[in-house]
file model_6.cif (mmCIF, C-alpha atoms and all ligand atoms)
data_query
loop_
_atom_site.label_atom_id
_atom_site.label_comp_id
_atom_site.auth_asym_id
_atom_site.auth_seq_id
_atom_site.Cartn_x
_atom_site.Cartn_y
_atom_site.Cartn_z
CA MET T 69 145.79 104.85 177.37
CA THR T 70 147.67 101.65 178.15
CA ARG T 71 150.55 101.33 180.58
CA GLU T 72 152.85 100.99 177.55
CA ASP T 73 151.55 104.33 176.28
CA ALA T 74 152.38 105.87 179.66
CA GLN T 75 155.89 104.43 179.49
CA GLY T 76 156.21 105.90 176.02
CA LEU T 77 155.39 109.35 177.43
CA ASP T 78 158.11 108.87 180.03
CA LEU T 79 160.68 108.07 177.36
CA ALA T 80 159.83 111.33 175.58
CA ASP T 81 159.57 113.40 178.78
CA PRO T 82 162.08 116.31 178.80
CA LEU T 83 161.76 116.54 182.61
CA ALA T 84 162.43 112.85 183.29
CA ARG T 85 166.05 113.52 184.22
CA PHE T 86 164.99 115.45 187.35
CA ARG T 87 163.80 112.30 189.08
CA ASP T 88 167.36 111.25 189.93
CA ALA T 89 167.97 114.58 191.64
CA PHE T 90 165.54 113.64 194.43
CA ASP T 91 165.97 111.38 197.43
CA LEU T 92 162.82 109.26 197.23
CA PRO T 93 162.40 105.85 198.86
CA SER T 94 161.97 102.95 196.47
CA GLY T 95 158.57 101.32 196.36
CA VAL T 96 156.77 104.60 197.00
CA ILE T 97 154.67 106.57 194.54
CA TYR T 98 154.67 110.02 196.07
CA LEU T 99 151.50 111.93 195.27
CA ASP T 100 151.87 114.44 198.08
CA GLY T 101 154.58 116.79 196.88
CA ASN T 102 151.90 119.49 197.04
CA SER T 103 151.87 119.11 200.83
CA LEU T 104 155.54 118.37 201.51
CA GLY T 105 157.96 118.13 198.61
CA PRO T 106 160.67 115.42 198.90
CA PRO T 107 164.31 116.35 199.55
CA PRO T 108 166.51 117.11 196.59
CA LEU T 109 169.81 115.24 197.06
CA SER T 110 171.51 118.63 196.87
CA ALA T 111 169.56 119.75 199.96
CA HIS T 112 171.30 117.09 202.06
CA GLU T 113 174.68 118.29 200.85
CA ARG T 114 173.77 121.93 201.33
CA LEU T 115 172.51 121.38 204.87
CA GLU T 116 175.62 119.43 205.75
CA ARG T 117 177.84 122.19 204.44
CA VAL T 118 175.92 125.00 206.12
CA SER T 119 175.81 123.12 209.41
CA ARG T 120 179.40 121.89 209.55
CA ARG T 121 181.36 124.52 207.72
CA GLU T 122 179.37 127.73 207.85
CA TRP T 123 177.88 127.26 211.30
CA GLY T 124 180.47 124.98 212.88
CA GLU T 125 183.65 126.61 211.58
CA GLY T 126 182.50 130.04 210.50
CA LEU T 127 180.38 130.64 213.58
CA VAL T 128 178.99 134.15 213.83
CA ARG T 129 181.39 135.33 211.13
CA SER T 130 179.26 133.50 208.57
CA TRP T 131 176.62 136.22 208.70
CA ASN T 132 179.13 138.12 206.58
CA SER T 133 181.50 135.55 205.08
CA ALA T 134 178.81 133.05 204.03
CA HIS T 135 176.38 135.83 203.09
CA TRP T 136 173.73 134.66 205.54
CA ILE T 137 172.47 138.18 206.09
CA GLU T 138 171.52 138.55 202.42
CA ALA T 139 169.82 135.13 202.20
CA PRO T 140 166.18 136.35 202.51
CA GLN T 141 166.62 138.57 199.48
CA ARG T 142 168.94 136.27 197.53
CA VAL T 143 166.59 133.31 197.86
CA GLY T 144 163.60 135.60 197.31
CA GLY T 145 165.18 136.71 194.06
CA LYS T 146 165.21 133.10 192.89
CA ILE T 147 161.53 132.69 193.72
CA ALA T 148 160.86 135.93 191.82
CA ARG T 149 161.93 134.22 188.60
CA LEU T 150 159.21 131.60 189.06
CA ILE T 151 156.37 134.05 189.67
CA GLY T 152 157.09 136.81 187.18
CA ALA T 153 158.49 139.30 189.67
CA GLN T 154 161.68 141.38 189.86
CA ALA T 155 164.39 140.09 192.15
CA ASN T 156 163.98 143.05 194.52
CA GLU T 157 160.26 142.38 194.99
CA VAL T 158 160.46 139.06 196.86
CA ALA T 159 161.89 138.12 200.26
CA VAL T 160 161.84 134.88 202.22
CA ALA T 161 160.68 135.08 205.84
CA ASP T 162 158.36 133.58 208.42
CA ALA T 163 155.44 131.27 207.61
CA THR T 164 152.82 131.95 204.97
CA SER T 165 150.28 132.73 207.70
CA VAL T 166 152.52 135.45 209.16
CA ASN T 167 153.31 136.93 205.77
CA LEU T 168 149.63 137.04 204.87
CA PHE T 169 148.94 138.91 208.12
CA LYS T 170 151.73 141.39 207.41
CA LEU T 171 150.71 142.05 203.82
CA ALA T 172 146.98 142.31 204.55
CA ALA T 173 147.78 144.88 207.26
CA GLY T 174 150.18 146.52 204.83
CA ALA T 175 147.42 146.72 202.22
CA LEU T 176 145.20 148.58 204.70
CA SER T 177 148.07 151.04 205.23
CA LEU T 178 148.15 151.64 201.47
CA ARG T 179 144.40 152.28 201.25
CA PRO T 180 143.60 154.63 204.15
CA GLY T 181 139.88 155.23 204.61
CA ARG T 182 138.94 151.81 203.27
CA THR T 183 138.13 149.14 205.84
CA THR T 184 137.09 145.95 204.03
CA ILE T 185 139.29 142.91 203.47
CA LEU T 186 137.47 140.69 200.99
CA SER T 187 138.05 136.96 200.61
CA GLU T 188 136.17 133.83 199.66
CA THR T 189 134.38 131.34 201.88
CA GLY T 190 136.24 128.06 201.90
CA ASN T 191 139.64 129.70 201.45
CA PHE T 192 142.50 127.86 203.15
CA PRO T 193 141.76 128.08 206.89
CA THR T 194 145.01 129.71 207.96
CA ASP T 195 144.41 132.53 205.49
CA LEU T 196 141.00 133.19 207.01
CA TYR T 197 142.34 132.85 210.55
CA ALA T 198 145.17 135.30 209.93
CA LEU T 199 142.66 137.80 208.53
CA GLN T 200 140.25 137.22 211.42
CA GLY T 201 143.09 137.85 213.85
CA LEU T 202 144.04 141.03 212.05
CA VAL T 203 140.53 142.51 212.11
CA ALA T 204 140.11 141.50 215.76
CA LEU T 205 143.21 143.54 216.51
CA LEU T 206 142.13 146.56 214.47
CA GLY T 207 138.60 146.91 215.87
CA ASP T 208 136.55 149.43 213.86
CA ARG T 209 139.36 150.08 211.46
CA ALA T 210 138.90 146.87 209.49
CA ARG T 211 136.39 144.16 208.76
CA LEU T 212 136.62 140.85 206.96
CA LYS T 213 134.00 140.00 204.38
CA THR T 214 133.88 136.53 202.85
CA VAL T 215 131.62 135.63 199.95
CA ALA T 216 131.16 132.59 197.70
CA PRO T 217 133.61 132.58 194.78
CA GLU T 218 130.87 133.24 192.22
CA ASP T 219 129.91 136.42 194.11
CA LEU T 220 133.42 137.69 194.61
CA VAL T 221 133.87 140.16 191.77
CA ALA T 222 130.51 141.80 192.45
CA ALA T 223 131.42 142.19 196.12
CA ILE T 224 134.46 144.40 195.44
CA ASP T 225 133.37 147.97 196.23
CA ALA T 226 134.61 151.43 197.17
CA ASP T 227 135.31 150.30 200.75
CA THR T 228 137.43 147.31 199.70
CA ALA T 229 141.04 147.87 200.64
CA VAL T 230 142.32 144.48 199.53
CA VAL T 231 141.05 141.27 197.96
CA VAL T 232 142.77 138.17 199.35
CA LEU T 233 142.53 135.01 197.27
CA THR T 234 144.39 131.74 196.95
CA HIS T 235 145.28 131.32 193.28
CA ILE T 236 144.84 127.55 193.29
CA HIS T 237 142.38 126.17 195.81
CA TYR T 238 143.86 123.66 198.22
CA LYS T 239 140.93 121.28 197.91
CA SER T 240 139.35 121.62 194.49
CA ALA T 241 142.48 122.81 192.62
CA ARG T 242 140.27 125.46 191.03
CA ARG T 243 142.43 128.20 189.56
CA TRP T 244 141.46 131.86 189.71
CA ASP T 245 142.16 133.97 186.61
CA LEU T 246 144.97 135.94 188.24
CA PRO T 247 145.19 138.83 185.73
CA ALA T 248 141.40 139.20 185.50
CA LEU T 249 140.84 139.25 189.26
CA THR T 250 143.72 141.64 189.79
CA ALA T 251 142.21 143.97 187.19
CA ALA T 252 138.77 143.66 188.81
CA ALA T 253 140.20 144.71 192.18
CA HIS T 254 142.09 147.62 190.63
CA ALA T 255 138.98 148.78 188.77
CA LYS T 256 137.43 149.49 192.18
CA GLY T 257 140.59 151.00 193.62
CA ALA T 258 141.36 147.94 195.74
CA LEU T 259 144.62 146.05 196.03
CA MET T 260 145.06 142.37 195.28
CA LEU T 261 146.88 139.94 197.60
CA TRP T 262 147.50 136.49 196.13
CA ASP T 263 148.32 133.34 198.06
CA LEU T 264 150.55 131.27 195.74
CA CYS T 265 151.08 128.24 197.99
CA HIS T 266 149.86 125.73 195.39
CA THR T 267 151.19 127.81 192.48
CA ALA T 268 154.89 128.51 192.98
CA GLY T 269 156.93 125.78 191.32
CA ALA T 270 153.79 124.28 189.78
CA VAL T 271 151.89 126.71 187.60
CA ALA T 272 153.46 129.62 185.73
CA VAL T 273 152.23 133.04 186.79
CA ASP T 274 153.44 136.51 185.83
CA LEU T 275 152.76 138.88 188.72
CA ASN T 276 154.36 141.87 187.04
CA ALA T 277 152.43 141.40 183.80
CA ALA T 278 149.21 141.26 185.84
CA GLN T 279 150.32 144.33 187.84
CA ALA T 280 149.75 142.32 191.00
CA ASP T 281 150.31 144.24 194.22
CA LEU T 282 151.08 141.68 196.91
CA ALA T 283 151.57 137.93 197.21
CA VAL T 284 152.66 135.24 199.63
CA GLY T 285 153.47 131.56 199.24
CA CYS T 286 155.14 128.68 200.96
CA GLY T 287 158.47 126.98 200.45
CA TYR T 288 157.80 123.38 201.42
CA LYS T 289 155.27 122.32 198.76
CA TYR T 290 156.24 122.35 195.08
CA LEU T 291 159.46 124.23 195.85
CA ASN T 292 160.72 121.24 197.86
CA GLY T 293 162.22 123.44 200.57
CA GLY T 294 161.74 120.96 203.42
CA PRO T 295 159.36 120.66 206.38
CA GLY T 296 158.61 124.08 207.84
CA ALA T 297 160.64 125.83 205.14
CA PRO T 298 160.32 129.60 205.39
CA ALA T 299 157.69 131.24 203.20
CA PHE T 300 157.98 134.13 200.77
CA LEU T 301 156.34 137.49 200.32
CA PHE T 302 156.08 139.69 197.23
CA VAL T 303 155.52 143.43 197.33
CA ALA T 304 155.39 145.23 193.97
CA GLU T 305 158.16 147.80 193.77
CA CYS T 306 155.64 150.63 193.44
CA HIS T 307 154.27 149.88 196.92
CA GLN T 308 157.49 149.25 198.79
CA ALA T 309 158.19 152.79 199.99
CA ALA T 310 154.66 153.35 201.33
CA ILE T 311 153.58 149.97 202.74
CA VAL T 312 153.71 149.73 206.54
CA SER T 313 154.37 146.38 208.17
CA PRO T 314 152.44 145.69 211.38
CA LEU T 315 155.35 143.66 212.79
CA TRP T 316 158.35 145.84 213.41
CA GLY T 317 161.70 144.26 214.18
CA TRP T 318 165.35 144.99 213.70
CA MET T 319 165.67 143.15 210.39
CA GLY T 320 163.09 145.52 208.88
CA HIS T 321 164.98 148.58 210.08
CA ALA T 322 166.77 150.73 207.52
CA GLU T 323 170.03 150.15 209.43
CA PRO T 324 169.73 147.16 211.77
CA PHE T 325 173.28 147.50 212.97
CA ALA T 326 172.96 151.16 213.87
CA PHE T 327 171.07 149.90 216.95
CA GLU T 328 168.84 152.96 217.22
CA ASP T 329 166.02 153.09 219.77
CA GLY T 330 163.45 154.24 217.25
CA TYR T 331 162.11 152.13 214.41
CA ARG T 332 162.90 153.48 210.96
CA PRO T 333 161.72 151.01 208.30
CA ALA T 334 163.79 150.05 205.30
CA SER T 335 162.10 151.47 202.21
CA ASP T 336 162.68 148.31 200.16
CA ILE T 337 161.45 144.71 200.57
CA ARG T 338 163.47 144.39 203.79
CA GLY T 339 160.84 146.55 205.48
CA LEU T 340 158.57 143.50 205.52
CA ILE T 341 161.11 141.31 207.31
CA THR T 342 160.92 141.25 211.10
CA GLY T 343 163.50 139.04 212.81
CA THR T 344 166.59 136.95 212.17
CA PRO T 345 166.38 134.78 209.03
CA PRO T 346 166.23 130.96 209.52
CA ILE T 347 169.48 130.06 207.80
CA LEU T 348 169.14 126.26 207.85
CA GLY T 349 165.66 126.46 206.38
CA LEU T 350 166.80 128.97 203.79
CA ALA T 351 169.69 126.68 202.79
CA ALA T 352 167.40 123.74 202.07
CA LEU T 353 164.92 125.96 200.25
CA GLU T 354 167.66 127.42 198.10
CA ALA T 355 168.72 123.91 197.07
CA GLY T 356 165.15 123.17 196.02
CA LEU T 357 164.96 126.42 194.08
CA ASP T 358 168.27 125.91 192.31
CA LEU T 359 166.92 122.61 191.03
CA GLN T 360 163.53 124.05 190.11
CA LEU T 361 165.15 126.86 188.14
CA GLU T 362 166.82 124.32 185.83
CA ALA T 363 163.38 123.33 184.54
CA ASP T 364 161.33 125.31 182.01
CA PRO T 365 158.22 126.51 183.95
CA ALA T 366 155.98 125.99 180.90
CA LEU T 367 157.09 122.35 180.68
CA VAL T 368 156.59 121.90 184.42
CA GLU T 369 153.00 123.12 184.26
CA ALA T 370 152.21 121.19 181.09
CA LYS T 371 153.53 117.92 182.51
CA GLY T 372 151.77 118.39 185.84
CA LEU T 373 148.45 119.00 184.11
CA ALA T 374 149.03 116.01 181.81
CA LEU T 375 149.72 113.79 184.83
CA ALA T 376 146.61 115.07 186.58
CA ASN T 377 144.51 114.52 183.45
CA LEU T 378 145.89 111.01 183.07
CA PHE T 379 144.99 110.24 186.67
CA ILE T 380 141.44 111.58 186.34
CA ALA T 381 140.85 109.76 183.07
CA ARG T 382 142.22 106.43 184.29
CA VAL T 383 140.40 106.53 187.61
CA GLU T 384 137.11 107.43 185.99
CA ALA T 385 137.51 104.79 183.28
CA ALA T 386 138.38 102.03 185.72
CA ALA T 387 136.46 102.90 188.89
CA ALA T 388 132.83 101.90 188.98
CA ASP T 389 132.05 103.43 192.38
CA PRO T 390 129.15 105.91 192.07
CA ALA T 391 130.15 107.49 195.41
CA LEU T 392 133.37 108.82 193.85
CA GLY T 393 133.22 112.36 192.46
CA LEU T 394 135.78 114.72 190.99
CA ALA T 395 136.05 117.89 193.08
CA GLY T 396 136.71 121.02 191.09
CA PRO T 397 136.91 121.78 187.40
CA ARG T 398 137.64 119.19 184.75
CA ASP T 399 139.13 121.71 182.34
CA ALA T 400 142.93 121.68 182.76
CA ALA T 401 143.20 125.41 182.12
CA ALA T 402 141.01 126.04 185.15
CA ARG T 403 142.95 123.91 187.62
CA GLY T 404 146.25 123.40 189.37
CA LEU T 405 148.39 120.29 189.68
CA HIS T 406 146.49 118.31 192.30
CA VAL T 407 143.36 116.22 191.92
CA SER T 408 140.75 115.75 194.61
CA PHE T 409 138.06 113.13 194.64
CA THR T 410 135.16 113.29 197.05
CA HIS T 411 134.07 110.03 198.66
CA PRO T 412 132.39 109.43 202.03
CA GLU T 413 135.23 107.01 202.85
CA GLY T 414 137.93 109.37 201.61
CA TYR T 415 140.10 108.95 204.70
CA ALA T 416 140.07 105.14 204.59
CA ILE T 417 140.73 105.19 200.84
CA VAL T 418 143.86 107.31 201.34
CA GLN T 419 145.03 104.89 204.06
CA ALA T 420 144.44 101.91 201.76
CA MET T 421 146.51 103.66 199.07
CA MET T 422 149.29 104.28 201.63
CA ALA T 423 149.27 100.58 202.51
CA ARG T 424 150.22 100.00 198.84
CA GLY T 425 153.01 102.57 198.97
CA ILE T 426 151.03 105.33 197.27
CA VAL T 427 151.07 108.49 199.34
CA GLY T 428 148.26 111.03 199.05
CA ASP T 429 146.40 112.94 201.73
CA PHE T 430 142.94 113.60 203.11
CA ARG T 431 141.17 116.89 203.59
CA ALA T 432 138.08 116.83 205.78
CA PRO T 433 135.29 116.12 205.41
CA ASP T 434 135.49 113.87 202.36
CA ILE T 435 138.41 114.72 200.04
CA ALA T 436 141.05 112.24 198.92
CA ARG T 437 143.75 114.46 197.43
CA PHE T 438 146.61 113.54 195.11
CA GLY T 439 149.34 115.90 193.92
CA PHE T 440 151.23 115.61 190.64
CA SER T 441 154.64 117.20 191.10
CA PRO T 442 156.17 117.21 187.63
CA LEU T 443 159.84 117.02 188.55
CA PHE T 444 159.90 113.57 190.10
CA LEU T 445 156.78 111.70 188.96
CA SER T 446 156.52 109.52 185.89
CA TYR T 447 153.47 108.84 183.73
CA ALA T 448 153.82 105.12 184.49
CA GLU T 449 153.66 105.80 188.24
CA VAL T 450 150.51 107.83 187.79
CA TRP T 451 149.03 105.08 185.65
CA ASP T 452 149.81 102.57 188.43
CA ALA T 453 148.38 104.84 191.12
CA ALA T 454 145.11 105.23 189.21
CA ARG T 455 144.93 101.48 188.76
CA ALA T 456 145.47 100.97 192.49
CA LEU T 457 142.74 103.45 193.38
CA ALA T 458 140.31 101.78 191.01
CA ASP T 459 141.18 98.35 192.45
CA ILE T 460 140.75 99.58 196.02
CA LEU T 461 137.33 101.00 195.20
CA ALA T 462 136.21 97.90 193.30
CA ALA T 463 137.28 95.52 196.07
CA ARG T 464 136.23 97.88 198.90
CA ALA T 465 139.77 97.34 200.16
CA TRP T 466 139.41 100.53 202.22
CA ASP T 467 136.79 98.84 204.40
CA ARG T 468 139.04 97.85 207.30
CA PRO T 469 139.01 99.21 210.84
CA GLU T 470 142.69 100.14 210.82
CA PHE T 471 142.13 102.43 207.83
CA ARG T 472 139.63 104.45 209.83
CA VAL T 473 142.01 105.34 212.67
CA ARG T 474 142.69 109.04 212.27
CA ALA T 475 146.25 110.28 212.67
CA ALA T 476 147.00 113.79 213.99
CA VAL T 477 148.08 114.96 210.54
CA THR T 478 145.82 113.81 207.71
C1 LIG Q 501 149.96 125.27 202.70
C2 LIG Q 501 149.21 126.56 202.73
C3 LIG Q 501 149.48 127.52 203.71
C4 LIG Q 501 150.52 127.25 204.76
O1 LIG Q 501 150.66 128.26 205.70
P1 LIG Q 501 151.85 128.16 206.75
O2 LIG Q 501 151.69 129.37 207.58
O3 LIG Q 501 153.13 128.18 205.95
O4 LIG Q 501 151.69 126.91 207.51
C5 LIG Q 501 148.80 128.72 203.65
N1 LIG Q 501 147.87 128.96 202.68
C6 LIG Q 501 147.58 128.04 201.74
C7 LIG Q 501 146.59 128.34 200.68
C8 LIG Q 501 148.23 126.80 201.74
O5 LIG Q 501 147.94 125.90 200.82
#
call {"tool": "encode", "arguments": {"input": "model_6.cif", "output": "structure tokens", "more": "lines below"}}
Ligand SMILES: *Cc1c(COP(=O)(O)O)cnc(C)c1O
result
Amino acid sequence: MTREDAQGLDLADPLARFRDAFDLPSGVIYLDGNSLGPPPLSAHERLERVSRREWGEGLVRSWNSAHWIEAPQRVGGKIARLIGAQANEVAVADATSVNLFKLAAGALSLRPGRTTILSETGNFPTDLYALQGLVALLGDRARLKTVAPEDLVAAIDADTAVVVLTHIHYKSARRWDLPALTAAAHAKGALMLWDLCHTAGAVAVDLNAAQADLAVGCGYKYLNGGPGAPAFLFVAECHQAAIVSPLWGWMGHAEPFAFEDGYRPASDIRGLITGTPPILGLAALEAGLDLQLEADPALVEAKGLALANLFIARVEAAAADPALGLAGPRDAAARGLHVSFTHPEGYAIVQAMMARGIVGDFRAPDIARFGFSPLFLSYAEVWDAARALADILAARAWDRPEFRVRAAVT
């Protein structure tokens, strides 16, 4: 494909109009929307309004008059439309790590007598840490078992309470077959808890069609909710009355403003909420969601995969460095919207790309990772980024001391 071909794809791209809805600096090709999505212009306006009018003028009255108190469920209901859930099955709260902890504990409460939480080795670290923390707290009542992905289905047994998997792997972009794995867990009487951090806003999933039980995901990646945006949690309606949250707080109480001494959980999705909702974060996230919901999810996924495929093909055609390897599956149906290349100088390569205005990220020990957010990237940009990567490899332009200085966040 030539650059003119890429420009031709942009002219025919039904999602091209979304680019102007984002506040992106000129001269930057942003291939890291899978780590922190850029601000929608509407998020600036929304934050300004919430801060000045709702907070500044409305003050505490805005919990009612500006509908702050309903925001976790209202915004959750918008996420529900992206993941094939009912509006009453999703709430926005806390960080993904906290939600994973709550729902894994909740899964144990739904499967009394079973003690195993099953996950895969190499899962996103915070997921494993949250589960390790949970089993440390529960002593003999729970254990965490991690196995290689190829051994996972066979490892589900009669003691498995819940299988915890990340739908799209943060490094390799490998995509689990969500309906098949959910069915495999159910066949052994276990529940399925999905982490949708690299899925929501990127790849279409239908949790209800798969009869998924539980899910979590974050708001600041493809949903463009802003740095530290609150995360979401999904609990299938059939589990909501019985699931027990391990973190009790007034916002999960059936009647928070009855101010009773004893905890009495709400029997709906609110039972999984603990404390006061982060209204500023919710406001920015809602702006990102309102934009996302204007786009057809099938087109979003198709364009993201096409961009990723274009990048892989162009890099492999132009780069003659034998040390460069594609991490994860080549087949688009088996991957998400980011592309990772392994290279022993991965960190320096990412820095050399940044020096040319192309932003990706690095995942230790050797992964240069590039994300292809479909709403604001063009085919021509991806063509240019692939060209730059190939040039950097050919000229060993990464081989400079300043590109080896590690920042705190990679
Ligand atoms: C980004 C990401 C997280 C983030 O967790 P936070 O608690 O929101 O920081 C968790 N899991 C996966 C798989 C991720 O990709």
call {"tool": "closest_atom_pairs", "arguments": {"input": "model_6.cif", "of": "chain T", "to": "ligand LIG 501 (chain Q)", "cutoff": "6 Å", "atoms": "all atoms listed in the file", "output": "Markdown table"}}
result
| residue | atom | partner | partner_atom | distance |
| --- | --- | --- | --- | --- |
| T:Ala163 | CA | Q:LIG501 | O3 | 4.2 |
| T:Thr164 | CA | Q:LIG501 | O2 | 3.8 |
| T:Ser165 | CA | Q:LIG501 | O2 | 3.6 |
| T:Phe192 | CA | Q:LIG501 | C7 | 4.8 |
| T:Thr194 | CA | Q:LIG501 | C5 | 5.8 |
| T:Asp195 | CA | Q:LIG501 | N1 | 5.7 |
| T:Thr234 | CA | Q:LIG501 | C7 | 5.5 |
| T:Tyr238 | CA | Q:LIG501 | O5 | 5.3 |
| T:Asp263 | CA | Q:LIG501 | C7 | 5.9 |
| T:Cys265 | CA | Q:LIG501 | O5 | 4.8 |
| T:His266 | CA | Q:LIG501 | O5 | 5.8 |
| T:Cys286 | CA | Q:LIG501 | O3 | 5.4 |
call {"tool": "residues_around", "arguments": {"input": "model_6.cif", "residues": "T:Val215", "least_positions_apart": "2", "cutoff": "9 Å", "atoms": "all atoms listed in the file", "output": "number ranges by chain"}}
result
T: 186-189, 213, 217-220, 223
call {"tool": "residues_around", "arguments": {"input": "model_6.cif", "residues": "stretch 291-308 of chain T", "least_positions_apart": "5", "cutoff": "6 Å", "atoms": "all atoms listed in the file", "output": "ChimeraX atom specification"}}
result
/T:105-106,157-164,269,281-286,336,349,352-353,356
call {"tool": "closest_residue", "arguments": {"input": "model_6.cif", "among": "T:Ser446, T:Asn377, T:Asn276, T:Ser110", "to": "T:Ala400", "atoms": "only C-alpha atoms"}}
result
T:Asn377
call {"tool": "residues_near_point", "arguments": {"input": "model_6.cif", "point": "(165.1, 141.7, 191.8)", "cutoff": "9 Å", "atoms": "all atoms listed in the file", "output": "PyMOL selection string"}}
result
chain T and resi 141-142+144-146+148-149+153-158
call {"tool": "write_last_selection", "arguments": {"input": "model_6.cif", "atoms": "C-alpha atoms", "output": "compact mmCIF listing (two decimals), in the coordinates of the input"}}
result
# COMPACT_ATOMS: atom_id res chain seq x y z
CA GLN T 141 166.62 138.57 199.48
CA ARG T 142 168.94 136.27 197.53
CA GLY T 144 163.60 135.60 197.31
CA GLY T 145 165.18 136.71 194.06
CA LYS T 146 165.21 133.10 192.89
CA ALA T 148 160.86 135.93 191.82
CA ARG T 149 161.93 134.22 188.60
CA ALA T 153 158.49 139.30 189.67
CA GLN T 154 161.68 141.38 189.86
CA ALA T 155 164.39 140.09 192.15
CA ASN T 156 163.98 143.05 194.52
CA GLU T 157 160.26 142.38 194.99
CA VAL T 158 160.46 139.06 196.86
call {"tool": "atom_distance", "arguments": {"input": "model_6.cif", "atom1": "atom CA of T:Arg121", "atom2": "atom CA of T:Leu357"}}
result
21.4 Å
call {"tool": "residues_near_point", "arguments": {"input": "model_6.cif", "point": "(151.1, 104.6, 191.2)", "cutoff": "12 Å", "atoms": "all atoms listed in the file", "output": "number ranges by chain"}}
result
T: 71, 74, 95-99, 375, 378-379, 382-383, 421-422, 424-428, 438-440, 445-459
call {"tool": "closest_residue", "arguments": {"input": "model_6.cif", "among": "T:Asn167, T:Trp318, T:Pro108, T:Ala251", "to": "T:Gly343", "atoms": "all atoms listed in the file"}}
result
T:Trp318
call {"tool": "closest_residue", "arguments": {"input": "model_6.cif", "among": "T:Leu348, T:Ala402, T:Val221, T:Ala370", "to": "T:Arg242", "atoms": "only C-alpha atoms"}}
result
T:Ala402
call {"tool": "build_atoms", "arguments": {"input": "model_6.cif", "residues": "stretch 141-152 of chain T", "atoms": "N, CA, C and O atoms", "output": "short mmCIF file (atom, residue, chain, number, x, y, z; two decimals), in the coordinates of the input"}}
result
data_model
loop_
_atom_site.label_atom_id
_atom_site.label_comp_id
_atom_site.auth_asym_id
_atom_site.auth_seq_id
_atom_site.Cartn_x
_atom_site.Cartn_y
_atom_site.Cartn_z
N GLN T 141 166.81 137.93 200.78
CA GLN T 141 166.62 138.57 199.48
C GLN T 141 167.20 137.75 198.34
O GLN T 141 166.64 137.70 197.25
N ARG T 142 168.34 137.10 198.60
CA ARG T 142 168.94 136.27 197.53
C ARG T 142 168.00 135.13 197.15
O ARG T 142 167.71 134.91 195.97
N VAL T 143 167.48 134.43 198.14
CA VAL T 143 166.59 133.31 197.86
C VAL T 143 165.25 133.83 197.31
O VAL T 143 164.66 133.25 196.41
N GLY T 144 164.81 134.97 197.85
CA GLY T 144 163.60 135.60 197.31
C GLY T 144 163.75 135.93 195.83
O GLY T 144 162.83 135.75 195.04
N GLY T 145 164.94 136.38 195.46
CA GLY T 145 165.18 136.71 194.06
C GLY T 145 165.06 135.51 193.15
O GLY T 145 164.67 135.61 191.98
N LYS T 146 165.37 134.33 193.68
CA LYS T 146 165.21 133.10 192.89
C LYS T 146 163.74 132.74 192.74
O LYS T 146 163.29 132.29 191.69
N ILE T 147 162.98 132.93 193.81
CA ILE T 147 161.53 132.69 193.72
C ILE T 147 160.90 133.67 192.73
O ILE T 147 159.99 133.31 191.97
N ALA T 148 161.41 134.90 192.72
CA ALA T 148 160.86 135.93 191.82
C ALA T 148 160.83 135.44 190.37
O ALA T 148 159.87 135.69 189.64
N ARG T 149 161.87 134.70 189.99
CA ARG T 149 161.93 134.22 188.60
C ARG T 149 160.82 133.24 188.28
O ARG T 149 160.46 133.04 187.11
N LEU T 150 160.28 132.59 189.29
CA LEU T 150 159.21 131.60 189.06
C LEU T 150 157.83 132.23 189.04
O LEU T 150 156.86 131.59 188.64
N ILE T 151 157.70 133.46 189.54
CA ILE T 151 156.37 134.05 189.67
C ILE T 151 156.24 135.36 188.91
O ILE T 151 155.29 136.11 189.11
N GLY T 152 157.20 135.63 188.02
CA GLY T 152 157.09 136.81 187.18
C GLY T 152 157.28 138.11 187.95
O GLY T 152 156.58 139.09 187.71
#
